[in-house]
Each structure stands twice: as C-alpha cells, then as structure tokens.
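One file, work-v7.tsv, is given below (TSV, C-alpha atoms).
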```tsv
chain	number	residue	atom	x	y	z
A	1	MET	CA	162.32	21.22	85.25
A	2	THR	CA	161.53	17.79	86.70
A	3	PRO	CA	158.07	17.71	88.31
A	4	MET	CA	158.00	16.99	92.03
A	5	PRO	CA	157.00	13.39	92.93
A	6	ASP	CA	153.45	13.18	94.28
A	7	SER	CA	154.64	11.71	97.60
A	8	GLU	CA	156.92	14.70	98.21
A	9	ARG	CA	154.18	17.13	97.22
A	10	ASP	CA	151.75	15.35	99.56
A	11	ARG	CA	154.21	15.61	102.44
A	12	ILE	CA	154.81	19.35	101.95
A	13	PHE	CA	151.11	20.01	101.42
A	14	GLY	CA	150.29	18.07	104.63
A	15	ASP	CA	152.82	20.14	106.61
A	16	TRP	CA	151.48	23.41	105.18
A	17	LEU	CA	147.89	22.43	105.86
A	18	ALA	CA	148.65	21.44	109.44
A	19	ALA	CA	150.44	24.73	110.10
A	20	HIS	CA	148.12	27.12	108.24
A	21	LYS	CA	144.69	25.51	108.17
A	22	GLY	CA	143.31	28.51	110.07
A	23	THR	CA	144.46	30.92	107.35
A	24	LEU	CA	142.75	28.89	104.64
A	25	LEU	CA	139.56	28.70	106.68
A	26	LYS	CA	139.56	32.48	107.11
A	27	VAL	CA	139.67	32.96	103.36
A	28	VAL	CA	137.01	30.29	102.81
A	29	CYS	CA	134.65	31.76	105.41
A	30	ALA	CA	135.16	35.29	104.06
A	31	TYR	CA	134.19	34.29	100.51
A	32	ALA	CA	131.47	31.70	101.22
A	33	SER	CA	128.78	31.83	103.87
A	34	GLU	CA	126.82	28.56	103.35
A	35	HIS	CA	128.41	25.33	104.55
A	36	ALA	CA	128.04	23.58	101.17
A	37	ASP	CA	129.74	26.54	99.47
A	38	ARG	CA	132.49	26.50	102.07
A	39	GLN	CA	133.14	22.80	101.38
A	40	ASP	CA	133.30	23.49	97.66
A	41	LEU	CA	135.59	26.51	98.07
A	42	PHE	CA	137.81	24.68	100.56
A	43	GLN	CA	138.22	21.88	98.03
A	44	GLU	CA	139.16	24.41	95.33
A	45	VAL	CA	141.59	26.28	97.59
A	46	ALA	CA	143.21	23.02	98.77
A	47	LEU	CA	143.60	21.86	95.16
A	48	GLN	CA	145.23	25.13	94.08
A	49	ILE	CA	147.62	25.03	97.03
A	50	TRP	CA	148.49	21.39	96.36
A	51	LEU	CA	149.19	22.28	92.71
A	52	SER	CA	151.23	25.33	93.75
A	53	VAL	CA	153.69	23.40	95.92
A	54	ASP	CA	156.06	22.97	92.93
A	55	ALA	CA	156.04	26.70	92.21
A	56	TYR	CA	156.96	27.80	95.75
A	57	ARG	CA	160.51	29.19	95.70
A	58	GLY	CA	160.72	30.46	99.27
A	59	ASP	CA	160.83	34.15	98.24
A	60	SER	CA	158.04	34.84	100.72
A	61	GLY	CA	156.88	33.04	103.87
A	62	VAL	CA	154.65	29.97	103.48
A	63	LYS	CA	151.73	31.80	105.11
A	64	THR	CA	152.00	34.68	102.61
A	65	TRP	CA	152.27	32.21	99.72
A	66	MET	CA	149.22	30.25	100.90
A	67	TYR	CA	147.26	33.46	101.42
A	68	ARG	CA	148.11	34.53	97.88
A	69	VAL	CA	147.08	31.22	96.31
A	70	ALA	CA	143.94	30.94	98.47
A	71	LEU	CA	142.81	34.48	97.62
A	72	ASN	CA	143.39	33.85	93.91
A	73	ALA	CA	141.35	30.66	94.13
A	74	ALA	CA	138.58	32.36	96.13
A	75	ILE	CA	138.29	35.42	93.91
A	76	SER	CA	137.73	33.29	90.80
A	77	TRP	CA	135.85	30.50	92.51
A	78	THR	CA	132.31	31.22	91.24
A	79	ARG	CA	132.83	29.29	88.01
A	80	LYS	CA	131.58	25.89	89.16
A	81	GLN	CA	128.55	27.45	90.84
A	82	GLU	CA	127.61	29.40	87.74
A	83	ARG	CA	127.79	26.29	85.58
A	84	HIS	CA	125.61	24.55	88.13
A	85	GLN	CA	123.11	27.41	88.11
A	86	ARG	CA	122.94	27.26	84.30
A	87	GLY	CA	122.19	23.55	84.67
A	88	LYS	CA	125.34	22.59	82.76
A	89	GLN	CA	127.06	20.67	85.49
A	90	PRO	CA	125.98	19.03	88.74
A	91	LEU	CA	127.44	20.68	91.80
A	92	GLU	CA	129.98	18.08	92.88
A	93	ILE	CA	130.44	18.85	96.53
A	94	VAL	CA	132.41	16.24	98.40
A	95	ASP	CA	130.39	15.94	101.57
A	96	GLY	CA	132.37	15.36	104.73
A	97	LEU	CA	135.54	17.04	103.50
A	98	LEU	CA	135.05	19.98	105.86
A	99	VAL	CA	133.12	19.22	109.03
A	100	ALA	CA	131.80	22.04	111.21
A	101	SER	CA	132.17	21.19	114.90
A	102	GLY	CA	129.05	23.17	115.79
A	103	ALA	CA	130.94	25.43	118.17
A	104	GLU	CA	130.40	29.14	117.60
A	105	ALA	CA	133.11	31.68	116.95
A	106	ASP	CA	133.51	34.90	118.95
A	107	PRO	CA	130.48	37.12	118.10
A	108	ARG	CA	132.83	39.99	117.20
A	109	VAL	CA	134.53	37.72	114.68
A	110	GLU	CA	131.16	36.53	113.32
A	111	TRP	CA	130.20	40.20	112.93
A	112	LEU	CA	133.40	40.88	110.99
A	113	TYR	CA	132.74	37.96	108.61
A	114	ARG	CA	129.27	39.39	107.93
A	115	GLN	CA	130.77	42.80	107.19
A	116	ILE	CA	133.48	41.34	104.95
A	117	ALA	CA	130.79	39.48	103.00
A	118	GLN	CA	129.18	42.86	102.21
A	119	LEU	CA	132.40	44.19	100.60
A	120	LYS	CA	133.27	43.94	96.93
A	121	ALA	CA	135.12	40.70	96.11
A	122	SER	CA	138.42	42.51	95.46
A	123	ASP	CA	138.14	44.58	98.68
A	124	ARG	CA	137.56	41.40	100.68
A	125	SER	CA	141.10	40.25	99.94
A	126	VAL	CA	142.54	43.59	101.10
A	127	ALA	CA	140.33	43.54	104.22
A	128	LEU	CA	141.48	40.02	105.15
A	129	LEU	CA	145.15	40.90	104.74
A	130	MET	CA	144.69	44.14	106.69
A	131	LEU	CA	142.90	42.35	109.53
A	132	ASP	CA	145.66	39.73	109.70
A	133	GLY	CA	148.24	42.47	110.17
A	134	PHE	CA	150.01	42.44	106.81
A	135	ALA	CA	151.94	45.65	106.04
A	136	TYR	CA	150.77	47.92	103.20
A	137	LYS	CA	153.73	46.88	101.05
A	138	GLU	CA	152.95	43.18	101.52
A	139	ILE	CA	149.27	43.73	100.75
A	140	ALA	CA	150.27	45.69	97.64
A	141	ALA	CA	152.55	42.86	96.50
A	142	ILE	CA	149.95	40.14	97.15
A	143	ALA	CA	147.13	42.07	95.48
A	144	GLY	CA	149.32	43.44	92.69
A	145	ILE	CA	148.21	47.04	93.21
A	146	SER	CA	150.04	50.22	94.30
A	147	ASP	CA	150.72	51.15	97.94
A	148	GLY	CA	148.58	54.26	97.45
A	149	ASN	CA	145.66	52.18	96.21
A	150	VAL	CA	146.03	49.88	99.24
A	151	ALA	CA	145.95	52.89	101.58
A	152	VAL	CA	142.80	54.23	99.91
A	153	LYS	CA	141.08	50.85	100.12
A	154	ILE	CA	142.05	50.27	103.76
A	155	ASN	CA	140.85	53.75	104.79
A	156	ARG	CA	137.57	53.10	103.02
A	157	ILE	CA	137.15	49.66	104.62
A	158	LYS	CA	137.96	50.99	108.11
A	159	ALA	CA	135.53	53.89	107.62
A	160	THR	CA	132.80	51.47	106.53
A	161	LEU	CA	133.39	49.20	109.53
A	162	THR	CA	133.50	52.14	111.98
A	163	ALA	CA	130.30	53.60	110.54
A	164	GLN	CA	128.56	50.23	110.81
A	165	LEU	CA	129.69	49.80	114.42
A	166	ALA	CA	128.41	53.28	115.27
A	167	LYS	CA	125.11	52.60	113.52
A	168	GLU	CA	124.60	49.33	115.41
A	169	ALA	CA	125.60	50.93	118.74
A	170	ALA	CA	123.06	53.71	118.13
A	171	SER	CA	120.26	51.28	117.34
B	172	MET	CA	132.59	47.51	120.88
B	173	ASN	CA	134.99	49.58	118.77
B	174	LEU	CA	137.06	48.77	115.68
B	175	ASP	CA	140.31	48.10	117.60
B	176	ASP	CA	138.43	45.72	119.87
B	177	VAL	CA	136.98	43.84	116.87
B	178	MET	CA	140.34	43.74	115.07
B	179	GLY	CA	142.00	42.42	118.22
B	180	ALA	CA	139.41	39.64	118.44
B	181	TRP	CA	140.06	38.80	114.77
B	182	ARG	CA	143.82	38.49	115.22
B	183	SER	CA	143.50	36.22	118.23
B	184	HIS	CA	140.81	33.94	116.77
B	185	ASP	CA	141.53	30.61	115.16
B	186	LEU	CA	138.94	28.82	113.05
B	187	SER	CA	140.84	25.52	113.07
B	188	PRO	CA	139.00	24.04	116.09
B	189	LEU	CA	135.65	24.94	114.50
B	190	PHE	CA	136.23	22.87	111.35
B	191	GLY	CA	137.65	19.40	110.90
B	192	VAL	CA	139.24	18.32	107.61
B	193	ASP	CA	139.02	14.68	106.49
B	194	GLN	CA	142.60	14.21	105.28
B	195	THR	CA	141.96	10.84	103.59
B	196	LEU	CA	139.00	12.22	101.65
B	197	LEU	CA	140.97	15.35	100.76
B	198	HIS	CA	143.82	13.32	99.27
B	199	GLN	CA	141.32	11.21	97.36
B	200	VAL	CA	139.71	14.37	95.92
B	201	LEU	CA	143.10	15.85	95.00
B	202	ARG	CA	144.08	12.65	93.17
B	203	GLN	CA	140.74	12.64	91.29
B	204	GLU	CA	141.17	16.29	90.27
B	205	GLN	CA	144.73	15.61	89.15
B	206	ALA	CA	143.63	12.60	87.09
B	207	ARG	CA	140.83	14.65	85.53
B	208	ALA	CA	143.21	17.49	84.57
B	209	GLU	CA	145.77	15.05	83.14
B	210	LYS	CA	143.08	13.27	81.12
B	211	GLN	CA	141.95	16.58	79.62
B	212	LEU	CA	145.54	17.52	78.79
B	213	ARG	CA	146.17	14.10	77.22
B	214	ARG	CA	143.01	14.40	75.11
B	215	MET	CA	144.07	17.85	73.82
B	216	ARG	CA	147.62	16.67	73.07
B	217	TRP	CA	146.27	13.59	71.30
B	218	PHE	CA	143.98	15.76	69.13
B	219	MET	CA	146.82	18.16	68.26
B	220	ASN	CA	149.16	15.25	67.47
B	221	VAL	CA	146.58	13.55	65.23
B	222	VAL	CA	145.96	16.78	63.25
B	223	THR	CA	149.73	17.35	62.93
B	224	VAL	CA	150.36	13.76	61.78
B	225	VAL	CA	147.49	13.93	59.26
B	226	LEU	CA	148.93	17.16	57.87
B	227	LEU	CA	152.41	15.69	57.58
B	228	ILE	CA	151.06	12.54	55.88
B	229	THR	CA	149.21	14.82	53.47
B	230	ALA	CA	152.44	16.68	52.70
B	231	ALA	CA	154.17	13.34	52.13
B	232	LEU	CA	151.35	12.22	49.84
B	233	PHE	CA	151.71	15.32	47.67
B	234	LEU	CA	155.47	14.83	47.60
B	235	ALA	CA	155.04	11.18	46.62
B	236	ILE	CA	152.79	12.12	43.70
B	237	MET	CA	155.37	14.66	42.57
B	238	ILE	CA	158.62	12.75	42.95
B	239	ASP	CA	157.70	9.10	42.49
B	240	PRO	CA	155.73	8.69	39.26
B	241	LYS	CA	155.21	5.26	37.75
B	242	ASP	CA	157.48	4.37	34.81
B	243	ASP	CA	154.88	5.18	32.20
B	244	ASP	CA	153.75	8.38	33.93
B	245	VAL	CA	154.47	11.72	32.42
B	246	LEU	CA	154.43	14.48	34.93
B	247	VAL	CA	152.70	17.64	33.79
B	248	VAL	CA	153.22	21.09	35.23
B	249	TRP	CA	150.03	20.74	37.32
B	250	ASP	CA	151.55	17.80	39.18
B	251	TYR	CA	154.33	20.09	40.35
B	252	VAL	CA	151.97	22.97	41.13
B	253	VAL	CA	149.67	20.76	43.20
B	254	GLY	CA	152.62	19.09	44.89
B	255	ILE	CA	154.31	22.33	45.92
B	256	VAL	CA	151.06	24.00	47.02
B	257	GLY	CA	150.05	20.90	48.99
B	258	VAL	CA	153.38	20.50	50.74
B	259	VAL	CA	153.59	24.21	51.61
B	260	ALA	CA	149.97	24.31	52.85
B	261	ALA	CA	150.38	21.23	55.02
B	262	ILE	CA	153.66	22.48	56.50
B	263	VAL	CA	152.21	25.98	57.13
B	264	LEU	CA	149.19	24.47	58.89
B	265	ALA	CA	151.33	22.18	61.02
B	266	GLY	CA	153.54	25.21	61.85
B	267	ALA	CA	150.46	27.26	62.79
B	268	LEU	CA	149.38	24.51	65.14
B	269	PHE	CA	152.83	24.46	66.75
B	270	ALA	CA	152.85	28.28	67.04
B	271	LEU	CA	149.43	28.22	68.71
B	272	ARG	CA	150.66	25.80	71.37
B	273	ARG	CA	153.86	27.79	71.90
B	274	SER	CA	152.06	31.15	72.23
B	275	ARG	CA	149.91	29.69	75.03
B	276	ARG	CA	153.00	28.58	76.93
B	277	VAL	CA	154.71	31.97	76.49
B	278	ARG	CA	151.57	33.85	77.56
B	279	ASP	CA	151.39	32.00	80.89
B	280	GLN	CA	154.97	32.98	81.74
B	281	GLY	CA	154.18	36.71	81.53
B	282	PHE	CA	152.16	36.92	84.76
B	283	ASP	CA	153.21	36.86	88.39
B	284	ASP	CA	151.32	35.40	91.37
B	285	SER	CA	149.53	38.54	92.60
B	286	VAL	CA	145.73	38.65	92.73
B	287	ARG	CA	145.77	41.28	89.96
B	288	ASP	CA	147.90	39.14	87.64
B	289	HIS	CA	145.84	36.08	88.52
B	290	LEU	CA	142.76	37.92	87.23
B	291	ARG	CA	144.65	39.16	84.16
B	292	ARG	CA	145.88	35.63	83.43
B	293	HIS	CA	142.37	34.27	83.81
B	294	ILE	CA	140.94	36.92	81.45
B	295	SER	CA	143.73	36.26	78.98
B	296	GLN	CA	143.07	32.50	79.15
B	297	LEU	CA	139.37	33.02	78.43
B	298	ASP	CA	140.20	35.41	75.60
B	299	ASP	CA	142.72	32.93	74.30
B	300	GLU	CA	140.17	30.11	74.51
B	301	SER	CA	137.83	32.09	72.25
B	302	VAL	CA	140.48	33.41	69.86
B	303	GLY	CA	142.54	30.22	70.07
B	304	GLU	CA	139.55	28.03	69.34
B	305	ARG	CA	138.69	30.26	66.38
B	306	ARG	CA	142.25	29.85	65.06
B	307	LEU	CA	142.21	26.12	65.74
B	308	ALA	CA	138.85	25.91	63.99
B	309	LEU	CA	140.26	27.64	60.90
B	310	ILE	CA	143.25	25.30	60.92
B	311	VAL	CA	140.92	22.30	61.08
B	312	VAL	CA	138.82	23.64	58.16
B	313	ALA	CA	141.96	24.39	56.13
B	314	ALA	CA	143.41	20.97	57.04
B	315	THR	CA	140.21	19.25	55.90
B	316	LEU	CA	140.44	21.15	52.62
B	317	VAL	CA	144.08	20.16	52.07
B	318	CYS	CA	143.58	16.55	53.15
B	319	GLY	CA	140.36	16.13	51.17
B	320	SER	CA	142.04	17.46	48.03
B	321	ALA	CA	145.13	15.33	48.64
B	322	ILE	CA	143.10	12.13	48.96
B	323	SER	CA	141.12	12.92	45.84
B	324	ILE	CA	144.14	13.93	43.74
B	325	ALA	CA	146.23	11.02	44.99
B	326	GLY	CA	143.44	8.59	44.13
B	327	HIS	CA	143.22	9.91	40.59
B	328	ARG	CA	146.93	10.10	39.95
B	329	ILE	CA	147.57	6.61	41.37
B	330	ASN	CA	144.98	5.32	38.88
B	331	ASP	CA	146.74	7.26	36.08
B	332	VAL	CA	143.77	9.51	35.41
B	333	PRO	CA	144.90	12.51	33.34
B	334	TRP	CA	144.23	15.95	34.84
B	335	GLY	CA	141.55	16.79	32.30
B	336	GLU	CA	139.50	13.68	33.12
B	337	PHE	CA	139.29	14.02	36.89
B	338	ASP	CA	136.01	12.83	38.33
B	339	TRP	CA	135.82	14.80	41.58
B	340	SER	CA	134.37	12.72	44.37
B	341	PRO	CA	131.71	14.50	46.45
B	342	LEU	CA	133.15	13.06	49.68
B	343	PRO	CA	135.82	15.71	50.35
B	344	SER	CA	133.33	18.52	49.57
B	345	VAL	CA	130.75	17.03	51.93
B	346	LEU	CA	133.42	16.64	54.61
B	347	ILE	CA	134.57	20.23	54.18
B	348	LEU	CA	131.01	21.59	54.30
B	349	LEU	CA	130.18	19.53	57.39
B	350	CYS	CA	133.37	20.57	59.10
B	351	THR	CA	132.83	24.26	58.25
B	352	TYR	CA	129.25	24.11	59.52
B	353	LEU	CA	130.27	22.50	62.81
B	354	VAL	CA	133.10	24.94	63.33
B	355	LEU	CA	131.32	28.15	62.37
B	356	PHE	CA	127.85	27.51	63.76
B	357	ARG	CA	128.48	25.21	66.72
B	358	TRP	CA	132.03	25.23	68.04
B	359	ILE	CA	132.97	28.95	67.84
B	360	PRO	CA	129.65	30.46	69.09
B	361	ARG	CA	129.54	27.96	71.98
B	362	ALA	CA	133.07	28.85	73.11
B	363	ARG	CA	132.38	32.57	72.74
B	364	SER	CA	129.14	32.63	74.73
B	365	ARG	CA	130.62	30.35	77.41
B	366	ASN	CA	133.50	32.72	78.06
B	367	LEU	CA	132.04	36.16	77.50
B	368	ALA	CA	130.00	36.50	80.71
B	369	ARG	CA	132.84	35.17	82.83
B	370	GLN	CA	135.32	37.45	81.09
B	371	ARG	CA	133.15	40.52	81.80
B	372	GLN	CA	132.82	39.52	85.43
B	373	LEU	CA	136.59	39.17	85.82
B	374	GLU	CA	137.20	42.48	84.05
B	375	ALA	CA	134.79	44.15	86.50
B	376	LEU	CA	136.73	42.58	89.39
B	377	LEU	CA	140.00	43.85	87.94
B	378	LYS	CA	138.56	47.39	87.67
B	379	GLU	CA	137.37	47.16	91.26
B	380	LEU	CA	140.83	46.09	92.37
B	381	ASP	CA	142.40	48.97	90.48
B	382	GLY	CA	139.97	51.28	92.24
B	383	GLN	CA	138.11	52.42	89.12
```

Just dump the structure as structure tokens.
Amino acid sequence: MTPMPDSERDRIFGDWLAAHKGTLLKVVCAYASEHADRQDLFQEVALQIWLSVDAYRGDSGVKTWMYRVALNAAISWTRKQERHQRGKQPLEIVDGLLVASGAEADPRVEWLYRQIAQLKASDRSVALLMLDGFAYKEIAAIAGISDGNVAVKINRIKATLTAQLAKEAAS
Amino acid sequence: MNLDDVMGAWRSHDLSPLFGVDQTLLHQVLRQEQARAEKQLRRMRWFMNVVTVVLLITAALFLAIMIDPKDDDVLVVWDYVVGIVGVVAAIVLAGALFALRRSRRVRDQGFDDSVRDHLRRHISQLDDESVGERRLALIVVAATLVCGSAISIAGHRINDVPWGEFDWSPLPSVLILLCTYLVLFRWIPRARSRNLARQRQLEALLKELDGQ
C-alpha cells in the first residue's frame, strides 16, 4: 500500500482536529490533571491520531475512531513520565502547544473530572464513553470487552458516582 | 445535584474554548516526532542489513576457499567440511534474521484497534523486544563466531598454510568473548529490566479491563 503524502495527511488531520478538538481534550483532561501533563498527553494523542490517518477506513465515524486512538494513547501514556522519573530522559514538554484560557468549566463538569481521575485507568475509558452517550455495543467494540462486562462496569461507575454525590450532599 | 443533572452538564459542555492549540507548533512537533521515528527505523534496518551482508560475504568467502583453489593447491576433506559448514551456518543465520523481522510484521497484523488489543499489542511488543533482542543477540554472537573463523581460515588458506600448521590468531577469540560479554551481561539484562515493570503494569491494566 502506498503511504499517504504528508500534505494530504496534514489536511485530514487538520479537519479532524478542528471538528473534534473537544473530544480529544476530554480524554486528555480525564487522564492528566496537571497542565504540563496535559500538554504532554495532548502531544502524544495528537501524534497517534496523525499517524492513524492512513489506517482509517471509514468503518466507524471519525469521532469514534479518534476516541479509540486517543484512549489507546492515554491508557499507555505513562511511559515518558516513568523514564523521566527514573532520570533516564528529560521530560520534553513542548510549552505553548496547549494554552489554557483561564476560564473555568462548569463546576459539575469539574466535579466529574475529579471523580473520573479516581477510577482505575481502564474504567476511565468506559466512563468517558458512557458519559458521551455511546451505546453499550459501541463501548464494547471500542474497549474490546464483552457487552456484559461493559454493563457491569457502567453499573459500578454509576453506583460510585451516585454514592459520592449522596455523600457530598450529606456533608 | 443528581447524577442525571451532572451527566447532562457533561454532554452539553465543550472544552474547546478553554484550551487553545498552537497549530504551527503542533505541526512542527509532529514533523520532529516523525523524523525521530524514521531515523530509529533507518538505524535498525541499516544494522540488520550490515549483519546480513557480513553473513553473506562470509558464506561467499567459505565458498571461494572451497571452489577456487590456486593451481598448486590440493584440497583436503577439511576444506570441504569447513566450506559446507560455513556456508550453511551463514545462510541459516541470515535466514534467522529475516524470519525475526517477518515474525514482527505478522504479529502486528493480529490485533485490532480496540483498547484491549492495543494493550495486548503493547505487551506483545515489550515481550518481543526482550525475546527478540535475546534472539538477535544470539545471532550476533553466532555471526561473530562464523565470521571470525572465516577470516582466520581464509587468511591461512590464502597463504597456503596446511591445516595441521594453522596458527590461530587470538583476534577472533577476543572478538567473540567481547561480543558474548556485551550481549549476555549488558544488552539482554538491560532490555529485560527496562521492559519488565512496564509489561507488568500493562498486564494489570488488561486484567482490570477484563474485570478480574
């Protein structure tokens, strides 16, 4: 198969990014809480999506495809950080790539990000897809697990969130 | 505030206005990453090609000793034995190198794009890095042995030294020992320790995803 020319890949990537930047940011903010980490993860997610443009066959919607690639990148993202922590590699964060405007999100949304950050890394992906309204079958296909497993995870996540809401309301 | 209320807020929120992306910088970073990946790939291909070429030259050297004696040379049975063993060894090693590269390509085609398969692919890549590097290391040691012997034997036979009067040069032995030391005590343990912790972490993630 002939590789796609870079200019064509850049054009498609630019269109995807313009249309679905919000989706990528959701994944980034769910998996990284510090701004420096978010810049690093955004860079990684953007790179993986840029590289995946060739592989997109149109079997699923672009949003689903980007979600899939972004979640895969996020779930295995810790590598660079770990190397940095072991002193093997400087943390090469490209400053200025992702600029926070300083505006604050809806407090309910901020609360949800904090709760998602408490979940196990694999449950975070299911939680994000559930919150964005993906059907069980789609979540199962993206995560690569059974529908039954998705149902169990979603029930558990909803129960955790409800219990936390009740606890905070009581206090 | 109840769960439906929170989920409703989630679905209607958009983070895009809260973060700006520097498109020029992003493209610059993507190009740098691409160049870095291509450089790494080129380096690996170059290494593999050099080892393959050295092995094939070695095979040719053994063949030359066997089939192209000087007029006054009398080939003894050992010339044939060494020639055949050398050619077969060099070809087997070059074949092993080719098989190693092919198995990596085939392995990557066996996974789909789901999160679960992404984790499995990643684990398999790390496992392959450890096992593959061990195999590659053994090929390099074996190649050094074959090449070292070939150079030594070729040198003697070109100078018409009879088999019984070979003066074995220490150079190939030193090379082989050095190579074995580097491979066994530096290269393999480093690759193994580098990957093991990450592999365990990914396996734990996979178990979590499977609900275990």

Once you count all atoms listed in the file, what closest atom pair and distance in Å to one decimal does each residue of chain A within 8 Å of chain B have, with rows by chain and rising residue number, as JSON lines?
```
{"residue": "A:Lys21", "atom": "CA", "partner": "B:Ser187", "partner_atom": "CA", "distance": 6.2}
{"residue": "A:Gly22", "atom": "CA", "partner": "B:Ser187", "partner_atom": "CA", "distance": 4.9}
{"residue": "A:Leu25", "atom": "CA", "partner": "B:Leu186", "partner_atom": "CA", "distance": 6.4}
{"residue": "A:Lys26", "atom": "CA", "partner": "B:Leu186", "partner_atom": "CA", "distance": 7.0}
{"residue": "A:Gln43", "atom": "CA", "partner": "B:Leu197", "partner_atom": "CA", "distance": 7.6}
{"residue": "A:Leu47", "atom": "CA", "partner": "B:Leu201", "partner_atom": "CA", "distance": 6.0}
{"residue": "A:Trp50", "atom": "CA", "partner": "B:Leu201", "partner_atom": "CA", "distance": 7.8}
{"residue": "A:Arg68", "atom": "CA", "partner": "B:Ser285", "partner_atom": "CA", "distance": 6.8}
{"residue": "A:Val69", "atom": "CA", "partner": "B:Asp284", "partner_atom": "CA", "distance": 7.7}
{"residue": "A:Leu71", "atom": "CA", "partner": "B:Val286", "partner_atom": "CA", "distance": 7.1}
{"residue": "A:Asn72", "atom": "CA", "partner": "B:Val286", "partner_atom": "CA", "distance": 5.5}
{"residue": "A:Ser76", "atom": "CA", "partner": "B:Leu290", "partner_atom": "CA", "distance": 7.7}
{"residue": "A:Arg79", "atom": "CA", "partner": "B:Arg369", "partner_atom": "CA", "distance": 7.8}
{"residue": "A:Val94", "atom": "CA", "partner": "B:Val200", "partner_atom": "CA", "distance": 7.9}
{"residue": "A:Gly96", "atom": "CA", "partner": "B:Asp193", "partner_atom": "CA", "distance": 6.9}
{"residue": "A:Leu97", "atom": "CA", "partner": "B:Asp193", "partner_atom": "CA", "distance": 5.2}
{"residue": "A:Leu98", "atom": "CA", "partner": "B:Val192", "partner_atom": "CA", "distance": 4.8}
{"residue": "A:Val99", "atom": "CA", "partner": "B:Gly191", "partner_atom": "CA", "distance": 4.9}
{"residue": "A:Ala100", "atom": "CA", "partner": "B:Phe190", "partner_atom": "CA", "distance": 4.5}
{"residue": "A:Ser101", "atom": "CA", "partner": "B:Leu189", "partner_atom": "CA", "distance": 5.1}
{"residue": "A:Gly102", "atom": "CA", "partner": "B:Leu189", "partner_atom": "CA", "distance": 7.0}
{"residue": "A:Ala103", "atom": "CA", "partner": "B:Leu189", "partner_atom": "CA", "distance": 6.0}
{"residue": "A:Glu104", "atom": "CA", "partner": "B:Leu189", "partner_atom": "CA", "distance": 7.4}
{"residue": "A:Ala105", "atom": "CA", "partner": "B:Leu186", "partner_atom": "CA", "distance": 7.6}
{"residue": "A:Asp106", "atom": "CA", "partner": "B:Ala180", "partner_atom": "CA", "distance": 7.6}
{"residue": "A:Arg108", "atom": "CA", "partner": "B:Val177", "partner_atom": "CA", "distance": 5.7}
{"residue": "A:Val109", "atom": "CA", "partner": "B:Trp181", "partner_atom": "CA", "distance": 5.6}
{"residue": "A:Leu112", "atom": "CA", "partner": "B:Val177", "partner_atom": "CA", "distance": 7.5}
{"residue": "A:Lys120", "atom": "CA", "partner": "B:Glu379", "partner_atom": "CA", "distance": 7.7}
{"residue": "A:Ala121", "atom": "CA", "partner": "B:Leu376", "partner_atom": "CA", "distance": 7.2}
{"residue": "A:Ser122", "atom": "CA", "partner": "B:Leu380", "partner_atom": "CA", "distance": 5.3}
{"residue": "A:Asp123", "atom": "CA", "partner": "B:Leu380", "partner_atom": "CA", "distance": 7.0}
{"residue": "A:Leu131", "atom": "CA", "partner": "B:Met178", "partner_atom": "CA", "distance": 6.3}
{"residue": "A:Asp132", "atom": "CA", "partner": "B:Arg182", "partner_atom": "CA", "distance": 5.9}
{"residue": "A:Gly133", "atom": "CA", "partner": "B:Arg182", "partner_atom": "CA", "distance": 7.8}
{"residue": "A:Ala141", "atom": "CA", "partner": "B:Ser285", "partner_atom": "CA", "distance": 6.6}
{"residue": "A:Ile142", "atom": "CA", "partner": "B:Ser285", "partner_atom": "CA", "distance": 4.8}
{"residue": "A:Ala143", "atom": "CA", "partner": "B:Val286", "partner_atom": "CA", "distance": 4.6}
{"residue": "A:Gly144", "atom": "CA", "partner": "B:Ser285", "partner_atom": "CA", "distance": 4.9}
{"residue": "A:Ile145", "atom": "CA", "partner": "B:Asp381", "partner_atom": "CA", "distance": 6.7}
{"residue": "A:Asn149", "atom": "CA", "partner": "B:Gly382", "partner_atom": "CA", "distance": 7.0}
{"residue": "A:Lys153", "atom": "CA", "partner": "B:Gly382", "partner_atom": "CA", "distance": 8.0}
{"residue": "A:Lys158", "atom": "CA", "partner": "B:Leu174", "partner_atom": "CA", "distance": 7.9}
{"residue": "A:Leu161", "atom": "CA", "partner": "B:Leu174", "partner_atom": "CA", "distance": 7.2}
{"residue": "A:Thr162", "atom": "CA", "partner": "B:Leu174", "partner_atom": "CA", "distance": 6.1}
{"residue": "A:Leu165", "atom": "CA", "partner": "B:Asn173", "partner_atom": "CA", "distance": 6.9}
```

Interatomic distance (Å, one decimal) between CA of Ser171 (chain A) and CA of Ala127 (chain A): 25.2 Å

Gap from CA of Arg361 (chain B) to CA of Glu300 (chain B) - Å, one decimal: 11.1 Å

As AutoDock Vina command-line options, what would the box around region 107-122 of chain A look like: edges along x, y and z, 6 Å added on every side, centre and edge lengths in Å to one decimal?
```
--center_x 133.8 --center_y 40.4 --center_z 106.8 --size_x 21.2 --size_y 19.7 --size_z 34.6
```

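As for CA of Val45 (chain A) and CA of Leu17 (chain A), they are spaced 11.1 Å apart.
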
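Distances to Tyr31 (chain A) were evaluated for A:Ala70, A:Pro107, A:Gln164, A:Asp147 using only C-alpha atoms, and the minimum falls at A:Ala70.
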
Spatial neighbours of Thr223 (chain B), 10 Å, all atoms listed in the file, chain gap at least 2 places, as a ChimeraX atom specification: /B:217-221,225-229,261-262,264-269,314

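Nearest-residue note for Val263 (chain B): choosing from B:Val317, B:Val277, B:Val248, B:Ile324, the minimum distance belongs to B:Val317, counting all atoms listed in the file.
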
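Compared by their closest atoms to Met130 (chain A), and using only C-alpha atoms, the residues A:Leu24, A:Ile154, A:Ala117, A:Ile75 rank with A:Ile154 nearest.
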